[in-house]
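Enquirer: File protein34.cif follows (mmCIF, C-alpha atoms):
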data_my_file
#
loop_
_atom_site.group_PDB
_atom_site.id
_atom_site.type_symbol
_atom_site.label_atom_id
_atom_site.label_comp_id
_atom_site.auth_asym_id
_atom_site.auth_seq_id
_atom_site.Cartn_x
_atom_site.Cartn_y
_atom_site.Cartn_z
ATOM 1 C CA MET A 1 87.552 114.734 47.737
ATOM 2 C CA MET A 2 85.814 117.602 49.485
ATOM 3 C CA ASN A 3 82.159 117.175 50.365
ATOM 4 C CA LEU A 4 82.347 113.491 49.551
ATOM 5 C CA ARG A 5 79.625 112.679 52.035
ATOM 6 C CA ARG A 6 77.280 115.247 50.602
ATOM 7 C CA ASP A 7 77.936 113.901 47.114
ATOM 8 C CA VAL A 8 76.938 110.426 48.228
ATOM 9 C CA PHE A 9 73.701 111.728 49.684
ATOM 10 C CA GLN A 10 73.002 113.682 46.531
ATOM 11 C CA ALA A 11 73.597 110.521 44.557
ATOM 12 C CA ILE A 12 70.996 108.552 46.474
ATOM 13 C CA ALA A 13 68.550 111.462 46.561
ATOM 14 C CA ASP A 14 67.735 110.654 42.937
ATOM 15 C CA PRO A 15 64.947 108.067 42.514
ATOM 16 C CA THR A 16 66.426 106.496 39.371
ATOM 17 C CA ARG A 17 69.743 105.955 41.098
ATOM 18 C CA ARG A 18 67.962 104.508 44.127
ATOM 19 C CA ALA A 19 66.140 102.100 41.831
ATOM 20 C CA ILE A 20 69.461 101.084 40.248
ATOM 21 C CA LEU A 21 71.036 100.434 43.672
ATOM 22 C CA LEU A 22 68.065 98.302 44.661
ATOM 23 C CA LEU A 23 68.379 96.269 41.451
ATOM 24 C CA LEU A 24 71.985 95.580 42.399
ATOM 25 C CA THR A 25 71.212 94.361 45.941
ATOM 26 C CA SER A 26 70.834 90.750 44.882
ATOM 27 C CA GLN A 27 72.998 90.448 41.757
ATOM 28 C CA THR A 28 75.723 91.968 39.616
ATOM 29 C CA MET A 29 74.451 93.305 36.284
ATOM 30 C CA THR A 30 75.675 94.744 33.001
ATOM 31 C CA ALA A 31 74.755 98.287 31.978
ATOM 32 C CA GLY A 32 72.456 96.828 29.336
ATOM 33 C CA SER A 33 70.525 94.620 31.713
ATOM 34 C CA ILE A 34 70.179 97.519 34.162
ATOM 35 C CA ALA A 35 68.907 99.805 31.370
ATOM 36 C CA ASN A 36 66.286 97.208 30.384
ATOM 37 C CA ASN A 37 64.519 97.960 33.657
ATOM 38 C CA PHE A 38 63.913 101.571 32.713
ATOM 39 C CA ASP A 39 62.030 103.406 30.011
ATOM 40 C CA SER A 40 64.768 106.012 29.803
ATOM 41 C CA ALA A 41 67.350 106.219 27.035
ATOM 42 C CA ARG A 42 70.496 104.131 27.469
ATOM 43 C CA PRO A 43 72.781 107.220 27.762
ATOM 44 C CA THR A 44 70.622 108.516 30.645
ATOM 45 C CA VAL A 45 71.118 105.260 32.533
ATOM 46 C CA SER A 46 74.856 105.350 31.707
ATOM 47 C CA LYS A 47 75.056 108.814 33.216
ATOM 48 C CA HIS A 48 73.442 107.564 36.422
ATOM 49 C CA LEU A 49 75.869 104.617 36.540
ATOM 50 C CA GLN A 50 78.757 107.018 36.094
ATOM 51 C CA ILE A 51 77.607 109.189 39.013
ATOM 52 C CA LEU A 52 77.109 106.138 41.255
ATOM 53 C CA THR A 53 80.578 104.870 40.309
ATOM 54 C CA GLU A 54 82.207 108.251 40.970
ATOM 55 C CA CYS A 55 80.596 108.348 44.421
ATOM 56 C CA GLY A 56 81.946 104.867 45.108
ATOM 57 C CA LEU A 57 78.478 103.398 45.675
ATOM 58 C CA ILE A 58 78.945 100.855 42.894
ATOM 59 C CA LEU A 59 81.999 99.084 41.517
ATOM 60 C CA GLN A 60 82.792 98.070 37.938
ATOM 61 C CA GLU A 61 84.345 94.781 36.959
ATOM 62 C CA GLN A 62 85.424 93.900 33.447
ATOM 63 C CA GLN A 63 84.521 90.323 32.462
ATOM 64 C CA GLY A 64 85.435 89.632 28.867
ATOM 65 C CA ARG A 65 83.705 92.231 26.703
ATOM 66 C CA GLU A 66 81.158 93.162 29.347
ATOM 67 C CA ILE A 67 81.417 95.488 32.336
ATOM 68 C CA TYR A 68 79.510 94.241 35.357
ATOM 69 C CA TYR A 69 78.276 96.546 38.101
ATOM 70 C CA GLN A 70 77.940 95.622 41.740
ATOM 71 C CA LEU A 71 77.100 97.372 45.001
ATOM 72 C CA ASN A 72 79.987 98.625 47.087
ATOM 73 C CA THR A 73 78.666 97.294 50.378
ATOM 74 C CA GLN A 74 81.395 99.053 52.371
ATOM 75 C CA LYS A 75 80.235 102.411 51.046
ATOM 76 C CA MET A 76 76.595 101.562 51.739
ATOM 77 C CA LYS A 77 77.584 100.803 55.341
ATOM 78 C CA GLU A 78 79.120 104.243 55.666
ATOM 79 C CA ILE A 79 75.821 105.775 54.612
ATOM 80 C CA ALA A 80 74.015 103.666 57.181
ATOM 81 C CA GLU A 81 75.971 105.339 59.937
ATOM 82 C CA PHE A 82 73.783 108.290 59.226
ATOM 83 C CA LEU A 83 70.045 108.009 59.573
ATOM 84 C CA GLU A 84 69.562 110.936 57.242
ATOM 85 C CA PRO A 85 68.697 109.071 54.005
ATOM 86 C CA PHE A 86 66.088 106.961 55.763
ATOM 87 C CA ARG A 87 64.683 109.992 57.530
ATOM 88 C CA LYS A 88 64.461 111.915 54.247
ATOM 89 C CA ILE A 89 62.375 109.180 52.636
ATOM 90 C CA TRP A 90 59.815 109.470 55.415
ATOM 91 C CA GLU A 91 60.003 113.261 55.510
ATOM 92 C CA GLU A 92 59.158 113.488 51.793
ATOM 93 C CA ARG A 93 56.363 110.975 52.186
ATOM 94 C CA PHE A 94 54.843 112.741 55.196
ATOM 95 C CA ASP A 95 55.146 116.157 53.518
ATOM 96 C CA LYS A 96 53.126 114.706 50.672
ATOM 97 C CA LEU A 97 50.541 113.337 53.119
ATOM 98 C CA GLU A 98 50.235 116.710 54.849
ATOM 99 C CA ASN A 99 49.747 118.627 51.596
ATOM 100 C CA LEU A 100 47.289 116.061 50.291
ATOM 101 C CA MET A 101 45.135 116.185 53.419
ATOM 102 C CA LYS A 102 45.242 119.995 53.640
ATOM 103 C CA ASN A 103 43.743 120.103 50.141
ATOM 104 C CA TYR A 104 41.305 117.364 51.033
ATOM 105 C CA LYS A 105 40.113 119.440 53.981
ATOM 106 C CA SER A 106 39.571 122.564 51.893
ATOM 107 C CA LYS A 107 37.597 120.732 49.206
ATOM 108 C CA MET B 1 64.994 124.889 61.005
ATOM 109 C CA GLU B 2 64.307 121.757 62.990
ATOM 110 C CA ALA B 3 63.343 118.700 60.977
ATOM 111 C CA LYS B 4 59.683 117.728 61.249
ATOM 112 C CA THR B 5 60.305 114.016 60.925
ATOM 113 C CA LYS B 6 62.549 112.470 63.581
ATOM 114 C CA ILE B 7 64.072 109.024 63.760
ATOM 115 C CA SER B 8 65.586 107.429 66.815
ATOM 116 C CA THR B 9 67.309 104.097 67.192
ATOM 117 C CA GLU B 10 70.124 102.582 69.237
ATOM 118 C CA GLN B 11 72.948 100.413 67.916
ATOM 119 C CA ASP B 12 72.131 97.592 70.320
ATOM 120 C CA ARG B 13 68.396 97.560 69.582
ATOM 121 C CA GLN B 14 66.463 95.915 66.754
ATOM 122 C CA ASP B 15 63.800 98.601 66.529
ATOM 123 C CA LEU B 16 63.454 102.223 65.511
ATOM 124 C CA VAL B 17 60.928 104.981 66.095
ATOM 125 C CA ILE B 18 59.809 107.576 63.549
ATOM 126 C CA THR B 19 57.839 110.578 64.825
ATOM 127 C CA ARG B 20 56.193 113.409 62.951
ATOM 128 C CA GLU B 21 53.873 116.265 63.862
ATOM 129 C CA PHE B 22 51.317 117.333 61.297
ATOM 130 C CA ASP B 23 49.329 120.533 60.818
ATOM 131 C CA LEU B 24 46.254 118.348 60.483
ATOM 132 C CA SER B 25 43.545 117.170 62.832
ATOM 133 C CA VAL B 26 44.099 113.622 64.037
ATOM 134 C CA ALA B 27 40.982 112.587 62.064
ATOM 135 C CA LEU B 28 42.454 113.842 58.775
ATOM 136 C CA LEU B 29 45.825 112.258 59.535
ATOM 137 C CA PHE B 30 44.171 108.923 60.227
ATOM 138 C CA LYS B 31 42.031 109.164 57.103
ATOM 139 C CA ALA B 32 45.212 109.301 54.987
ATOM 140 C CA PHE B 33 46.012 105.798 56.268
ATOM 141 C CA GLU B 34 42.470 104.436 56.173
ATOM 142 C CA ASP B 35 41.320 105.533 52.719
ATOM 143 C CA ALA B 36 42.937 103.464 49.929
ATOM 144 C CA ASP B 37 42.662 106.270 47.330
ATOM 145 C CA LEU B 38 44.393 108.767 49.600
ATOM 146 C CA PHE B 39 46.981 106.209 50.729
ATOM 147 C CA GLU B 40 47.858 105.516 47.084
ATOM 148 C CA GLN B 41 48.478 109.194 46.467
ATOM 149 C CA TRP B 42 50.918 109.930 49.251
ATOM 150 C CA MET B 43 52.625 106.522 49.336
ATOM 151 C CA GLY B 44 52.891 106.405 45.550
ATOM 152 C CA THR B 45 51.741 102.823 45.192
ATOM 153 C CA LYS B 46 48.719 100.876 43.991
ATOM 154 C CA VAL B 47 46.602 99.438 46.801
ATOM 155 C CA LEU B 48 45.385 95.939 45.906
ATOM 156 C CA LYS B 49 43.689 95.271 49.187
ATOM 157 C CA LEU B 50 43.161 97.173 52.423
ATOM 158 C CA GLU B 51 40.974 95.535 55.053
ATOM 159 C CA ASN B 52 40.941 97.963 57.959
ATOM 160 C CA LYS B 53 39.978 95.585 60.744
ATOM 161 C CA LYS B 54 41.450 93.161 63.245
ATOM 162 C CA HIS B 55 42.949 90.232 61.279
ATOM 163 C CA GLY B 56 42.348 92.073 58.034
ATOM 164 C CA SER B 57 45.079 92.097 55.415
ATOM 165 C CA TYR B 58 46.538 94.546 52.977
ATOM 166 C CA ALA B 59 48.698 94.439 49.865
ATOM 167 C CA PHE B 60 50.138 96.972 47.493
ATOM 168 C CA GLU B 61 52.266 96.880 44.387
ATOM 169 C CA THR B 62 54.008 99.114 41.889
ATOM 170 C CA SER B 63 54.275 98.278 38.197
ATOM 171 C CA GLN B 64 56.405 99.560 35.392
ATOM 172 C CA ARG B 65 55.753 98.777 31.739
ATOM 173 C CA GLY B 66 53.265 96.154 32.874
ATOM 174 C CA ASN B 67 55.768 94.447 35.153
ATOM 175 C CA VAL B 68 55.375 94.424 38.910
ATOM 176 C CA VAL B 69 58.576 95.904 40.330
ATOM 177 C CA PHE B 70 57.619 95.993 43.985
ATOM 178 C CA ARG B 71 55.076 94.223 46.172
ATOM 179 C CA ALA B 72 54.429 94.421 49.880
ATOM 180 C CA ASN B 73 51.774 92.961 52.153
ATOM 181 C CA GLY B 74 50.826 92.519 55.755
ATOM 182 C CA THR B 75 48.175 91.722 58.337
ATOM 183 C CA ILE B 76 46.399 94.207 60.551
ATOM 184 C CA HIS B 77 46.291 93.189 64.194
ATOM 185 C CA GLU B 78 44.718 96.256 65.769
ATOM 186 C CA PHE B 79 42.679 98.970 64.124
ATOM 187 C CA ILE B 80 41.294 101.703 66.382
ATOM 188 C CA ARG B 81 40.184 104.770 64.420
ATOM 189 C CA ASN B 82 42.098 107.979 65.221
ATOM 190 C CA GLU B 83 44.203 106.080 67.759
ATOM 191 C CA LYS B 84 46.275 103.205 66.488
ATOM 192 C CA ILE B 85 47.079 100.614 63.863
ATOM 193 C CA THR B 86 49.244 97.584 64.611
ATOM 194 C CA ARG B 87 50.319 95.635 61.541
ATOM 195 C CA THR B 88 52.974 93.452 59.982
ATOM 196 C CA PHE B 89 54.831 94.631 56.865
ATOM 197 C CA GLU B 90 56.618 92.354 54.416
ATOM 198 C CA MET B 91 58.407 93.287 51.194
ATOM 199 C CA GLU B 92 58.006 90.426 48.742
ATOM 200 C CA ASN B 93 60.963 88.970 46.823
ATOM 201 C CA THR B 94 63.528 90.699 49.023
ATOM 202 C CA PRO B 95 65.865 89.287 51.680
ATOM 203 C CA PHE B 96 63.979 91.265 54.358
ATOM 204 C CA PRO B 97 61.854 89.245 56.800
ATOM 205 C CA VAL B 98 58.486 90.522 57.971
ATOM 206 C CA GLN B 99 58.576 93.447 60.398
ATOM 207 C CA LEU B 100 56.129 94.568 63.069
ATOM 208 C CA GLU B 101 54.795 98.137 62.996
ATOM 209 C CA PHE B 102 52.975 100.059 65.733
ATOM 210 C CA LEU B 103 51.345 103.270 64.522
ATOM 211 C CA GLU B 104 49.996 105.669 67.135
ATOM 212 C CA PHE B 105 47.937 108.729 66.275
ATOM 213 C CA GLU B 106 47.680 111.503 68.880
ATOM 214 C CA LYS B 107 45.701 114.711 69.011
ATOM 215 C CA ILE B 108 47.822 117.728 69.958
ATOM 216 C CA SER B 109 45.147 120.353 69.251
ATOM 217 C CA GLU B 110 42.182 120.705 66.871
ATOM 218 C CA GLU B 111 44.559 121.402 63.990
ATOM 219 C CA LYS B 112 47.649 119.519 65.084
ATOM 220 C CA SER B 113 48.420 115.849 65.505
ATOM 221 C CA LYS B 114 51.347 113.499 65.998
ATOM 222 C CA LEU B 115 52.181 110.150 64.437
ATOM 223 C CA THR B 116 54.559 107.686 66.093
ATOM 224 C CA LEU B 117 55.663 104.756 63.936
ATOM 225 C CA HIS B 118 57.528 102.121 65.916
ATOM 226 C CA ILE B 119 59.118 99.416 63.727
ATOM 227 C CA VAL B 120 60.472 96.166 65.191
ATOM 228 C CA PHE B 121 62.835 94.097 63.029
ATOM 229 C CA LYS B 122 63.690 90.407 63.259
ATOM 230 C CA SER B 123 67.261 91.257 64.249
ATOM 231 C CA ILE B 124 69.687 94.150 64.664
ATOM 232 C CA ALA B 125 71.379 92.951 61.466
ATOM 233 C CA PHE B 126 68.165 93.312 59.461
ATOM 234 C CA LYS B 127 67.530 96.742 60.933
ATOM 235 C CA ASN B 128 71.007 97.807 59.816
ATOM 236 C CA GLN B 129 70.495 96.270 56.399
ATOM 237 C CA LEU B 130 67.294 98.245 55.892
ATOM 238 C CA LEU B 131 69.034 101.439 56.967
ATOM 239 C CA GLN B 132 71.736 100.718 54.401
ATOM 240 C CA MET B 133 68.995 100.495 51.783
ATOM 241 C CA PRO B 134 66.681 103.218 53.080
ATOM 242 C CA PHE B 135 64.974 103.476 49.730
ATOM 243 C CA ALA B 136 63.938 99.821 49.803
ATOM 244 C CA HIS B 137 61.095 101.014 51.952
ATOM 245 C CA GLY B 138 60.409 103.880 49.598
ATOM 246 C CA ILE B 139 60.919 102.180 46.286
ATOM 247 C CA ASN B 140 57.314 102.825 45.280
ATOM 248 C CA MET B 141 57.971 106.493 45.451
ATOM 249 C CA ALA B 142 61.218 106.070 43.574
ATOM 250 C CA HIS B 143 59.448 104.364 40.709
ATOM 251 C CA ASN B 144 56.605 106.830 40.640
ATOM 252 C CA ARG B 145 58.968 109.760 40.491
ATOM 253 C CA LEU B 146 60.889 107.921 37.831
ATOM 254 C CA GLU B 147 57.807 107.746 35.637
ATOM 255 C CA GLU B 148 57.172 111.458 36.180
ATOM 256 C CA ILE B 149 60.725 112.273 35.188
ATOM 257 C CA MET B 150 60.512 110.104 32.087
ATOM 258 C CA LYS B 151 57.305 111.826 30.990
ATOM 259 C CA PHE B 152 59.058 115.145 31.427
ATOM 260 C CA LEU B 153 62.024 114.023 29.327
ATOM 261 C CA ASN B 154 59.943 112.642 26.475
#
As structure tokens, please, write out the structure in this file.
Expert:
Amino acid sequence: MMNLRRDVFQAIADPTRRAILLLLTSQTMTAGSIANNFDSARPTVSKHLQILTECGLILQEQQGREIYYQLNTQKMKEIAEFLEPFRKIWEERFDKLENLMKNYKSK
Amino acid sequence: MEAKTKISTEQDRQDLVITREFDLSVALLFKAFEDADLFEQWMGTKVLKLENKKHGSYAFETSQRGNVVFRANGTIHEFIRNEKITRTFEMENTPFPVQLEFLEFEKISEEKSKLTLHIVFKSIAFKNQLLQMPFAHGINMAHNRLEEIMKFLN
């Protein structure tokens, strides 16, 4: 369980996994219905779900033949104690702005 | 190395402040917010409307496979070139209520400038909820990157 925190941040650093977490904010979903939201191959989405599950960010629940995924809100709260993920989003965005406008200037 | 982008907030407050210094003149920094084409590029979203004036409105959206996956809009209350923009920001079809944003642009030197983005939420609870879902605010980027990755994989 070493570096658990870092693993969680690595998990949400990936845009596909962020998109999956956002899909799960308002509902529980099956792997199939989650995959329908992406162009990527089903195994790619399964891999992302596996990583999110291992980090504890999402929980699985078996209902009949289907496995439903849901957000682990407790884990999300732990992340919120750190401003880092939110800061990173803006840092990446502003880095992009800076590079864009530097090129714009030199045109 | 010290982080360029800083965020400050207090547990008992319903607002937060994001600051960032840029190696750009304040005019270039402001232009990135004023020009729809440039805004689209760094925010990673499609600008549907951007009326840069008092009581003007704006809207942007991101689509995937022809489906809109994210939409946000707001109203501009103050627009003073190279100085400030005051606007509302609302993410559509999410539990988040509208938020109020104060953007201040400052000249540090000819080639350096500073942006201060002060966001006021409806409640402390909604501020915390957004921080729990930091990428909600950046979902456009997430989807754009996603498309890039998919192209790379194909």
Enquirer: Show me which bits of chain A are within 9 Å of chain B, counting only C-alpha atoms, as a VMD selection string.
Expert: chain A and resid 12 14 to 19 21 to 22 25 to 26 37 to 40 73 76 to 91 93 to 98 100 to 102 104 to 105
Enquirer: Can you turn the PyMOL selection byres ((chain B and resi 102) around 9) into a concrete residue list for this file, as a list in words?
Expert: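 On this input, the PyMOL selection byres ((chain B and resi 102) around 9) captures Lys84, Ile85, Thr86, Arg87, Thr88, Leu100, Glu101, Leu103, Glu104, Thr116, Leu117, His118, Ile119 and Val120 of chain B.
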Enquirer: Check which residues satisfy the PyMOL selection byres ((chain B and resi 46) around 10) in the file shown, then give them as number ranges by chain.
Expert: B: 36-37, 39-41, 43-45, 47-49, 59-63, 71, 140
Enquirer: Could you give me the centre and size, in Å to one decimal, of an axis-aligned box around all listed atoms of segment 85-100 of chain A with 5 Å added on every side, as JSON?
Expert:
{"center_x": 58.0, "center_y": 112.8, "center_z": 53.9, "size_x": 31.4, "size_y": 21.7, "size_z": 17.2}
Enquirer: I'd like to see the residues matched by the PyMOL selection byres ((chain A and resi 59) around 10) on this file, and ideally I'd get them as a VMD selection string.
Expert: chain A and resid 28 49 52 to 58 60 to 61 67 to 73
Enquirer: Just how far from atom CA of Thr75 of chain B is atom CA of Ile108 of chain B, in Å to one decimal?
Expert: 28.5 Å
Enquirer: For each of B:Tyr58, B:Phe105, B:Phe96, B:Phe126, take the minimum atom-to-atom distance to Ile80 of chain B, counting only C-alpha atoms, then give the residue where this is smallest.
Expert: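 Looking at the shortest contact to Ile80 of chain B, the residue is B:Phe105.
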